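Data file: query_12.txt. Format and content: compact mmCIF, C-alpha atoms.
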```
# COMPACT_ATOMS: atom_id res chain seq x y z
CA THR A 1 21.33 -17.61 5.46
CA GLY A 2 25.11 -17.66 5.15
CA GLU A 3 26.84 -20.43 3.22
CA LEU A 4 25.47 -23.95 3.20
CA PRO A 5 28.18 -26.59 2.65
CA GLU A 6 27.53 -28.59 -0.54
CA GLU A 7 27.56 -31.94 1.25
CA ILE A 8 24.82 -30.69 3.59
CA GLY A 9 22.81 -29.16 0.75
CA ARG A 10 22.83 -32.43 -1.20
CA VAL A 11 21.08 -34.42 1.55
CA ILE A 12 18.29 -31.91 2.29
CA CYS A 13 15.01 -33.32 0.98
CA ARG A 14 12.72 -30.59 2.30
CA ALA A 15 13.39 -26.90 3.02
CA VAL A 16 10.88 -24.78 4.94
CA LEU A 17 11.09 -21.05 4.21
CA SER A 18 10.14 -18.38 6.69
CA PRO A 19 7.76 -15.97 4.87
CA GLY A 20 10.43 -13.24 4.83
CA VAL A 21 12.83 -15.37 2.73
CA PRO A 22 12.35 -14.74 -1.02
CA VAL A 23 11.79 -17.87 -3.09
CA ASP A 24 14.30 -16.76 -5.74
CA ILE A 25 17.52 -16.24 -3.74
CA PRO A 26 20.54 -18.30 -4.94
CA LEU A 27 20.42 -20.79 -2.05
CA VAL A 28 16.74 -21.61 -2.64
CA ASN A 29 17.31 -21.83 -6.40
CA ARG A 30 20.16 -24.32 -5.85
CA LEU A 31 18.07 -26.47 -3.53
CA ARG A 32 15.12 -26.44 -5.93
CA GLU A 33 17.33 -27.41 -8.90
CA GLN A 34 18.64 -30.48 -7.03
CA GLY A 35 15.07 -31.64 -6.32
CA THR A 36 14.60 -30.37 -2.76
CA GLU A 37 10.95 -29.75 -1.90
CA ILE A 38 10.49 -26.05 -1.05
CA LEU A 39 7.59 -25.28 1.24
CA GLY A 40 6.57 -22.60 3.70
CA GLU A 41 5.58 -22.54 7.35
CA ILE A 42 1.87 -22.48 6.43
CA GLU A 43 2.24 -25.66 4.36
CA LEU A 44 4.19 -27.32 7.19
CA GLY A 45 1.38 -26.44 9.61
CA TYR A 46 -1.25 -27.77 7.21
CA ILE A 47 0.52 -31.14 7.00
CA GLU A 48 -0.30 -31.60 10.71
CA GLU A 49 -3.83 -30.07 10.49
CA LYS A 50 -6.56 -32.44 11.71
CA GLY A 51 -9.52 -30.05 11.59
CA ARG A 52 -10.98 -27.63 9.05
CA VAL A 53 -9.45 -24.40 7.79
CA ALA A 54 -10.88 -20.99 6.94
CA ALA A 55 -8.31 -18.72 5.27
CA ILE A 56 -8.26 -15.05 4.33
CA THR A 57 -5.96 -13.11 2.02
CA GLY A 58 -6.05 -9.75 0.24
CA THR A 59 -3.95 -6.61 0.11
CA ASN A 60 -5.93 -4.86 2.84
CA GLY A 61 -8.39 -5.88 5.56
CA LYS A 62 -6.91 -9.33 6.28
CA THR A 63 -6.27 -8.84 9.99
CA THR A 64 -9.66 -7.27 10.73
CA THR A 65 -11.52 -9.98 8.78
CA THR A 66 -9.47 -12.84 10.23
CA THR A 67 -9.98 -11.56 13.78
CA LEU A 68 -13.73 -11.21 13.23
CA VAL A 69 -14.07 -14.69 11.69
CA GLY A 70 -12.19 -16.03 14.72
CA GLU A 71 -14.57 -14.25 17.11
CA ILE A 72 -17.64 -15.61 15.30
CA MET A 73 -16.25 -19.16 15.32
CA LYS A 74 -15.36 -18.93 19.02
CA ALA A 75 -18.88 -17.73 19.84
CA GLN A 76 -20.29 -20.91 18.29
CA LEU A 77 -17.62 -23.56 18.92
CA GLY A 78 -15.85 -22.29 22.06
CA ALA A 79 -12.46 -20.59 22.36
CA ASP A 80 -10.62 -23.91 22.83
CA LYS A 81 -11.83 -25.17 19.42
CA VAL A 82 -10.65 -22.20 17.34
CA PHE A 83 -7.06 -21.31 16.40
CA VAL A 84 -6.32 -17.94 14.77
CA VAL A 85 -2.96 -18.17 13.00
CA GLY A 86 -0.69 -16.98 10.21
CA ASN A 87 0.26 -13.47 9.19
CA ILE A 88 -1.74 -12.13 12.15
CA GLY A 89 1.27 -12.95 14.35
CA ASN A 90 0.58 -16.45 15.67
CA PRO A 91 2.56 -19.14 13.78
CA TYR A 92 0.47 -21.98 12.35
CA THR A 93 3.15 -24.46 13.46
CA LEU A 94 2.60 -23.40 17.07
CA GLU A 95 -1.06 -24.52 16.98
CA CYS A 96 -1.42 -27.23 14.32
CA THR A 97 -0.67 -30.18 16.63
CA LYS A 98 -3.54 -29.08 18.92
CA THR A 99 -6.15 -29.41 16.14
CA GLY A 100 -8.75 -32.17 15.98
CA PRO A 101 -11.83 -33.23 14.01
CA ASP A 102 -14.01 -30.63 15.78
CA THR A 103 -11.64 -27.63 15.52
CA VAL A 104 -11.36 -24.81 13.00
CA THR A 105 -8.16 -22.97 12.15
CA VAL A 106 -8.70 -19.40 10.90
CA GLY A 107 -5.66 -18.19 8.97
CA GLU A 108 -4.55 -14.78 7.77
CA ILE A 109 -2.38 -15.74 4.81
CA SER A 110 -0.03 -13.27 3.10
CA SER A 111 1.20 -13.41 -0.49
CA PHE A 112 4.63 -14.39 0.87
CA GLN A 113 3.08 -17.40 2.62
CA LEU A 114 0.97 -18.36 -0.39
CA GLU A 115 4.04 -18.61 -2.65
CA THR A 116 5.07 -21.82 -0.88
CA VAL A 117 1.82 -23.80 -0.47
CA HIS A 118 1.30 -27.17 -2.18
CA GLU A 119 -1.59 -29.09 -0.59
CA PHE A 120 -3.03 -26.28 1.59
CA ARG A 121 -6.82 -26.43 1.19
CA PRO A 122 -9.17 -24.18 3.16
CA ARG A 123 -12.79 -25.33 3.32
CA VAL A 124 -13.71 -21.63 3.13
CA SER A 125 -11.39 -19.00 1.68
CA ALA A 126 -11.63 -15.28 0.93
CA ILE A 127 -9.73 -12.81 -1.24
CA LEU A 128 -10.78 -9.37 -0.01
CA ASN A 129 -9.12 -7.18 -2.66
CA ILE A 130 -5.93 -6.96 -4.72
CA THR A 131 -4.05 -3.68 -5.18
CA PRO A 132 -0.31 -3.12 -5.86
CA ASP A 133 1.89 -4.07 -2.88
CA HIS A 134 5.15 -5.90 -2.14
CA LEU A 135 6.38 -5.36 -5.71
CA ASN A 136 9.94 -5.21 -4.37
CA ARG A 137 9.48 -8.90 -3.46
CA HIS A 138 7.21 -10.21 -6.24
CA HIS A 139 8.74 -7.96 -8.97
CA THR A 140 5.56 -7.88 -11.09
CA MET A 141 1.89 -7.31 -10.36
CA GLU A 142 1.09 -10.56 -12.18
CA ALA A 143 3.31 -12.57 -9.81
CA TYR A 144 1.71 -10.86 -6.79
CA VAL A 145 -1.82 -11.60 -8.07
CA ASN A 146 -0.93 -15.22 -8.81
CA ALA A 147 0.42 -15.68 -5.27
CA LYS A 148 -2.88 -14.42 -3.85
CA LYS A 149 -4.87 -16.78 -6.08
CA ASN A 150 -3.01 -19.79 -4.61
CA ILE A 151 -5.39 -19.65 -1.64
CA ALA A 152 -8.04 -21.40 -3.77
CA LYS A 153 -5.88 -23.62 -5.99
CA ASN A 154 -6.63 -26.85 -4.07
CA GLN A 155 -10.26 -26.09 -3.26
CA THR A 156 -12.94 -28.36 -4.74
CA GLU A 157 -16.67 -28.11 -5.46
CA GLU A 158 -17.29 -28.90 -1.77
CA ASP A 159 -15.52 -25.70 -0.70
CA TYR A 160 -16.39 -21.98 -0.80
CA CYS A 161 -14.43 -18.95 -1.93
CA ILE A 162 -15.67 -15.49 -0.87
CA LEU A 163 -14.67 -12.74 -3.32
CA ASN A 164 -15.05 -8.98 -3.74
CA TYR A 165 -17.42 -8.27 -6.65
CA GLU A 166 -16.21 -4.66 -6.90
CA ASP A 167 -12.56 -5.67 -7.45
CA VAL A 168 -12.15 -6.57 -11.13
CA LEU A 169 -9.30 -9.02 -10.40
CA THR A 170 -11.22 -11.02 -7.79
CA ARG A 171 -14.50 -10.87 -9.74
CA GLU A 172 -12.85 -12.37 -12.84
CA PHE A 173 -10.99 -14.92 -10.72
CA GLY A 174 -14.33 -16.20 -9.42
CA GLU A 175 -15.35 -17.21 -12.94
CA ASN A 176 -12.53 -19.74 -13.27
CA ILE A 177 -12.24 -21.73 -10.04
CA ARG A 178 -13.66 -25.04 -8.84
CA ALA A 179 -14.87 -23.83 -5.44
CA GLN A 180 -18.38 -22.46 -5.00
CA VAL A 181 -18.10 -18.67 -5.24
CA LEU A 182 -20.02 -16.16 -3.14
CA TYR A 183 -19.41 -12.47 -3.83
CA PHE A 184 -19.70 -9.50 -1.49
CA SER A 185 -20.44 -5.97 -2.68
CA SER A 186 -20.58 -2.54 -1.07
CA GLN A 187 -21.90 -0.96 -4.28
CA ARG A 188 -24.80 -3.06 -5.57
CA LYS A 189 -27.47 -5.58 -4.71
CA LEU A 190 -26.49 -9.12 -5.67
CA GLU A 191 -28.82 -11.92 -6.76
CA LYS A 192 -26.63 -14.25 -4.71
CA GLY A 193 -24.07 -13.11 -2.15
CA ILE A 194 -23.80 -10.53 0.62
CA TYR A 195 -24.23 -6.82 -0.02
CA LEU A 196 -24.88 -3.37 1.41
CA GLU A 197 -28.33 -1.91 0.80
CA ASP A 198 -29.59 1.30 2.44
CA GLY A 199 -27.06 0.94 5.25
CA ARG A 200 -27.98 -2.69 5.95
CA ILE A 201 -25.86 -5.79 5.34
CA ILE A 202 -28.00 -8.41 3.57
CA TYR A 203 -27.05 -12.05 2.91
CA ARG A 204 -28.82 -13.73 0.00
CA ASN A 205 -28.05 -17.35 -0.78
CA ASP A 206 -30.65 -20.08 -0.25
CA LYS A 207 -32.57 -17.52 1.83
CA VAL A 208 -32.42 -13.79 2.59
CA ILE A 209 -30.99 -12.81 5.98
CA GLU A 210 -30.45 -9.29 7.31
CA ILE A 211 -27.19 -9.31 9.29
CA CYS A 212 -27.24 -5.79 10.74
CA ASP A 213 -27.48 -2.08 10.12
CA VAL A 214 -24.01 -0.54 9.80
CA LYS A 215 -25.02 2.01 12.47
CA ASP A 216 -24.92 -0.91 14.93
CA LEU A 217 -21.22 -1.63 14.18
CA ASN A 218 -18.33 -0.39 16.32
CA ILE A 219 -15.94 -0.10 13.34
CA LEU A 220 -16.05 2.77 10.86
CA GLY A 221 -15.65 3.13 7.12
CA LEU A 222 -16.85 1.43 3.95
CA HIS A 223 -13.74 -0.80 3.88
CA ASN A 224 -14.72 -2.16 7.30
CA TYR A 225 -18.27 -2.86 6.13
CA GLU A 226 -16.69 -4.94 3.36
CA ASN A 227 -14.59 -6.79 5.95
CA VAL A 228 -17.74 -7.52 7.97
CA MET A 229 -19.53 -8.80 4.86
CA ALA A 230 -16.64 -11.12 3.98
CA ALA A 231 -16.40 -12.47 7.54
CA ALA A 232 -20.17 -12.97 7.84
CA ALA A 233 -20.33 -14.78 4.48
CA MET A 234 -17.44 -17.09 5.48
CA ALA A 235 -19.14 -17.97 8.76
CA LEU A 236 -22.57 -18.52 7.21
CA VAL A 237 -21.35 -20.87 4.45
CA TYR A 238 -19.33 -22.70 7.11
CA GLY A 239 -22.62 -23.34 8.92
CA ILE A 240 -22.58 -20.86 11.79
CA PRO A 241 -26.15 -19.77 12.72
CA ALA A 242 -27.16 -16.27 11.60
CA ASP A 243 -27.97 -15.10 15.15
CA ILE A 244 -24.42 -15.94 16.29
CA VAL A 245 -22.99 -14.06 13.29
CA ARG A 246 -25.26 -11.07 13.97
CA LYS A 247 -24.35 -10.88 17.65
CA SER A 248 -20.61 -11.25 16.98
CA VAL A 249 -20.33 -8.54 14.30
CA LYS A 250 -22.22 -6.07 16.50
CA ALA A 251 -19.90 -6.76 19.45
CA PHE A 252 -16.67 -6.54 17.43
CA LYS A 253 -14.46 -3.60 18.41
CA GLY A 254 -11.88 -3.80 15.60
CA VAL A 255 -8.15 -4.51 15.80
CA GLU A 256 -5.25 -2.66 17.33
CA HIS A 257 -3.20 -0.37 15.05
CA ARG A 258 -5.99 -0.06 12.44
CA ILE A 259 -7.58 3.42 12.67
CA GLU A 260 -7.37 2.95 16.45
CA TYR A 261 -8.48 5.87 18.60
CA VAL A 262 -5.68 6.56 21.08
CA THR A 263 -6.53 9.66 23.11
CA GLU A 264 -7.53 13.32 22.97
CA LYS A 265 -5.12 16.01 24.20
CA ASN A 266 -5.77 19.76 24.11
CA GLY A 267 -8.76 19.17 21.84
CA VAL A 268 -6.73 17.09 19.34
CA ALA A 269 -7.74 13.46 18.66
CA TYR A 270 -4.88 10.98 18.04
CA TYR A 271 -5.36 7.90 15.85
CA ASN A 272 -2.97 4.98 15.38
CA ASP A 273 -3.18 3.45 11.89
CA SER A 274 0.30 1.91 11.90
CA LYS A 275 -1.14 -1.06 9.99
CA GLY A 276 -1.60 1.25 7.00
CA THR A 277 1.57 -0.21 5.45
CA ASN A 278 0.76 0.54 1.80
CA PRO A 279 -0.90 3.47 0.00
CA ASP A 280 -4.26 1.75 -0.50
CA ALA A 281 -4.56 0.87 3.20
CA ALA A 282 -3.54 4.40 4.17
CA ILE A 283 -6.23 5.85 1.88
CA LYS A 284 -8.80 4.05 4.05
CA GLY A 285 -7.30 5.76 7.11
CA ILE A 286 -7.71 9.22 5.53
CA GLN A 287 -11.26 8.45 4.42
CA ALA A 288 -12.23 7.55 7.99
CA MET A 289 -11.12 10.96 9.36
CA ASN A 290 -13.92 13.46 9.96
CA ARG A 291 -11.85 16.51 10.96
CA PRO A 292 -8.77 18.46 9.70
CA THR A 293 -5.83 16.05 9.96
CA VAL A 294 -2.09 16.23 10.54
CA LEU A 295 -0.73 13.08 8.94
CA ILE A 296 2.50 11.19 9.75
CA GLY A 297 3.75 9.12 6.81
CA GLY A 298 6.80 7.40 5.36
CA GLY A 299 8.92 4.36 6.13
CA TYR A 300 10.39 1.34 4.37
CA ASP A 301 10.22 1.41 0.56
CA LYS A 302 8.16 -1.40 -1.00
CA ASP A 303 8.42 0.19 -4.47
CA SER A 304 5.01 1.81 -4.04
CA VAL A 305 3.65 4.86 -5.85
CA TYR A 306 2.07 7.47 -3.55
CA THR A 307 0.12 9.74 -5.91
CA ASP A 308 -3.31 8.11 -5.31
CA TRP A 309 -2.75 8.37 -1.55
CA ILE A 310 -1.88 12.07 -1.79
CA ARG A 311 -4.88 12.78 -4.03
CA SER A 312 -7.11 11.15 -1.41
CA PHE A 313 -6.18 13.93 1.05
CA ASP A 314 -8.94 15.96 -0.64
CA GLY A 315 -8.43 19.07 1.50
CA LYS A 316 -8.59 17.02 4.71
CA VAL A 317 -4.82 16.83 5.38
CA LYS A 318 -3.51 20.19 6.59
CA ARG A 319 0.09 19.04 7.13
CA LEU A 320 2.06 15.92 6.18
CA ILE A 321 5.03 14.95 8.37
CA LEU A 322 7.42 12.71 6.41
CA LEU A 323 10.14 10.44 7.77
CA GLY A 324 11.97 7.23 6.94
CA ALA A 325 13.48 5.84 3.76
CA THR A 326 10.61 7.00 1.54
CA LYS A 327 10.32 10.63 2.66
CA GLU A 328 12.01 12.13 -0.41
CA LYS A 329 10.09 9.84 -2.77
CA ILE A 330 6.75 10.77 -1.17
CA ALA A 331 7.71 14.47 -1.24
CA SER A 332 8.37 14.19 -4.97
CA ASP A 333 4.96 12.55 -5.56
CA ALA A 334 3.33 15.22 -3.36
CA ARG A 335 4.85 18.05 -5.42
CA ALA A 336 3.68 16.34 -8.60
CA CYS A 337 0.14 16.32 -7.17
CA GLY A 338 0.36 19.99 -6.16
CA PHE A 339 0.51 19.25 -2.43
CA HIS A 340 3.24 21.28 -0.69
CA ASP A 341 2.18 21.28 3.00
CA PHE A 342 4.80 18.78 4.12
CA VAL A 343 7.86 18.82 6.37
CA PHE A 344 10.60 16.27 7.04
CA ALA A 345 11.45 14.69 10.40
CA ASP A 346 14.66 12.79 11.15
CA THR A 347 13.29 10.65 13.99
CA PHE A 348 9.93 9.19 14.96
CA ASP A 349 9.89 11.23 18.20
CA GLU A 350 10.44 14.40 16.19
CA ALA A 351 7.62 13.48 13.78
CA VAL A 352 5.08 13.02 16.59
CA LEU A 353 6.22 16.24 18.28
CA GLU A 354 5.95 18.19 15.01
CA ALA A 355 2.46 16.76 14.42
CA SER A 356 1.29 17.81 17.90
CA LYS A 357 2.61 21.34 17.32
CA ALA A 358 0.85 21.63 13.94
CA ALA A 359 -2.52 20.38 15.24
CA LYS A 360 -5.07 22.81 16.67
CA PRO A 361 -8.12 22.04 18.86
CA GLY A 362 -10.67 20.25 16.69
CA ASP A 363 -7.96 18.60 14.53
CA ALA A 364 -6.74 15.00 14.40
CA VAL A 365 -3.22 13.58 14.33
CA LEU A 366 -3.12 10.37 12.31
CA LEU A 367 -0.22 7.91 12.07
CA SER A 368 -0.97 6.17 8.75
CA PRO A 369 2.41 5.76 7.06
CA ALA A 370 1.49 4.13 3.69
CA CYS A 371 4.80 2.24 4.15
CA ALA A 372 6.15 -0.73 6.07
CA SER A 373 8.02 -0.08 9.32
CA TRP A 374 11.18 -2.09 8.72
CA ASP A 375 13.55 0.85 8.14
CA MET A 376 13.01 2.06 11.73
CA PHE A 377 11.07 -0.64 13.64
CA PRO A 378 10.90 -4.46 13.71
CA SER A 379 7.14 -4.37 12.96
CA TYR A 380 4.14 -2.10 12.48
CA GLU A 381 3.00 -3.15 15.98
CA VAL A 382 6.17 -1.75 17.58
CA ARG A 383 5.73 1.45 15.54
CA GLY A 384 2.10 1.77 16.69
CA GLU A 385 3.00 1.15 20.34
CA LYS A 386 5.73 3.80 20.13
CA PHE A 387 3.24 6.29 18.72
CA LYS A 388 0.75 5.58 21.49
```
Hey, can you dump this file as structure tokens for me?
Amino acid sequence: TGELPEEIGRVICRAVLSPGVPVDIPLVNRLREQGTEILGEIELGYIEEKGRVAAITGTNGKTTTTTLVGEIMKAQLGADKVFVVGNIGNPYTLECTKTGPDTVTVGEISSFQLETVHEFRPRVSAILNITPDHLNRHHTMEAYVNAKKNIAKNQTEEDYCILNYEDVLTREFGENIRAQVLYFSSQRKLEKGIYLEDGRIIYRNDKVIEICDVKDLNILGLHNYENVMAAAAMALVYGIPADIVRKSVKAFKGVEHRIEYVTEKNGVAYYNDSKGTNPDAAIKGIQAMNRPTVLIGGGYDKDSVYTDWIRSFDGKVKRLILLGATKEKIASDARACGFHDFVFADTFDEAVLEASKAAKPGDAVLLSPACASWDMFPSYEVRGEKFK
């Protein structure tokens, strides 16, 4: 931010932080101490909001769930009545002045964005899961969890919060909020909520509705079935008819850079999971692979621990290509887990070339870095495009 002259600083009554600006840097601390209101871009957008808001947060699955909620809403209300904004890449402030009484804004909201909300109140919210991430920014897990919980802090008894029953943090959170809570579960049948039973997604609230069989979905993996459940529950409590929800989830093709099939060359299938920017997300990428896999990992260091990711390889990963700022740290965790089939690459081009050499017909090459991209690329999207 550079230096802000004192005489300028003294007359600022409101400072809007871009999500990438930490709330505890000296400049922000000085402004806060003199009584300046500190808010974020999401809060600024909400000030101008004239419609209703559906908002999604969580460590993993936000983009997929937000995109799907947007598609369901568009199917019912029309594309011109739905704005999909936030961490998904479309600034809220770009769309908020277009909203009206009959519009819905669907927001993917990150922990960074939730640190600076004051009045932001979604009519329907969701917390998909909470696992360690961004600890370099939030410093403690408690601070990270509390940021996520801000999504529901202004909700009332008229509103709904959709929560993951199988995540102990979100399950306990649901016991202490004002909003009406509806849980989703991939592990058990719920008396009230949405759950997976014998491969079918069932919604049980005031009535029992079968949404679909997971065999009818275009997206793979248990984590994606959870994303579908969360999106369907949000739409149903919002008032979208079940047949619209059913049709939309069956048509949904997933999002770019998330376990995205790219091509097959010489019998090797290539998958782009550049959005796997933390170990827990990258575990989902490994779990979705159904053939021997050469894995490309490493990148910007968010103070993550990689042992759970490496243990998830479970004999499936035949070679790990490491690059970026975290390569030595991941190598150390790999050795500690007894995994030694890794090599280092100095550049991204070299990593992809090494992976293609190591893969044999019938194998897969998977870019699923378990790290952010910022040491080498401006975003995970640029990294994914480069891989493709």
Report summary line: Using all atoms listed in the file, the residue out of A:Val249, A:Leu39, A:Val106, A:Gly239 with shortest distance to Cys212 (chain A) is A:Val249
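From CA of Asn60 (chain A) back to CA of Pro91 (chain A), the distance works out to 19.9 Å.
When all atoms listed in the file are used to measure the gap to Arg32 (chain A), the shortest distance among A:Lys357, A:Glu350, A:Tyr46, A:Gly9 belongs to A:Gly9.
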Report task. Could you check how far CA of Ala251 (chain A) sits from CA of Gly384 (chain A), in Å to one decimal? Result ->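 Interatomic distance here is 23.8 Å.
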Query - Residue neighbourhood Ser185 (chain A), 9 Å, only C-alpha atoms, exclusion window fewer than 2 positions, as a ChimeraX atom specification - result: /A:163-166,183,187-190,193-196,226,229
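The smallest atom-to-atom distance between Val317 (chain A) and any of A:Ile259, A:Ala126, A:Ala355, A:Val305, using all atoms listed in the file, is found for A:Ala355.
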Near-Asn224 (chain A) list (10 Å; all atoms listed in the file; drop same-chain fewer than 2 positions) as a PDB file with C-alpha atoms, in the frame of the given file:
```pdb
ATOM      1  CA  GLY A  61      -8.390  -5.880   5.560  1.00  0.00           C
ATOM      2  CA  THR A  64      -9.660  -7.270  10.730  1.00  0.00           C
ATOM      3  CA  THR A  65     -11.520  -9.980   8.780  1.00  0.00           C
ATOM      4  CA  VAL A 214     -24.010  -0.540   9.800  1.00  0.00           C
ATOM      5  CA  LEU A 217     -21.220  -1.630  14.180  1.00  0.00           C
ATOM      6  CA  ASN A 218     -18.330  -0.390  16.320  1.00  0.00           C
ATOM      7  CA  ILE A 219     -15.940  -0.100  13.340  1.00  0.00           C
ATOM      8  CA  LEU A 220     -16.050   2.770  10.860  1.00  0.00           C
ATOM      9  CA  GLY A 221     -15.650   3.130   7.120  1.00  0.00           C
ATOM     10  CA  LEU A 222     -16.850   1.430   3.950  1.00  0.00           C
ATOM     11  CA  GLU A 226     -16.690  -4.940   3.360  1.00  0.00           C
ATOM     12  CA  ASN A 227     -14.590  -6.790   5.950  1.00  0.00           C
ATOM     13  CA  VAL A 228     -17.740  -7.520   7.970  1.00  0.00           C
ATOM     14  CA  MET A 229     -19.530  -8.800   4.860  1.00  0.00           C
ATOM     15  CA  ALA A 230     -16.640 -11.120   3.980  1.00  0.00           C
ATOM     16  CA  GLY A 254     -11.880  -3.800  15.600  1.00  0.00           C
ATOM     17  CA  LYS A 284      -8.800   4.050   4.050  1.00  0.00           C
TER      18      LYS A 284
END
```
**Report entry** Point-to-point distance from CA of Gly276 (chain A) to CA of Leu366 (chain A), Å rounded to tenths
**Finding:**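 If I compute the distance from CA of Gly276 (chain A) to CA of Leu366 (chain A), I get 10.7 Å.
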Report task. For Ser332 (chain A), please output as a ChimeraX atom specification all residues within 12 Å (counting all atoms listed in the file; exclusion window: fewer than 6 positions along the same chain). Result -> /A:305-307,310,322,326,338-340,342
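Using only C-alpha atoms, the smallest distance between any of A:Gly100, A:Gly45, A:Gly298, A:Gly58 and Ile330 (chain A) comes from A:Gly298.
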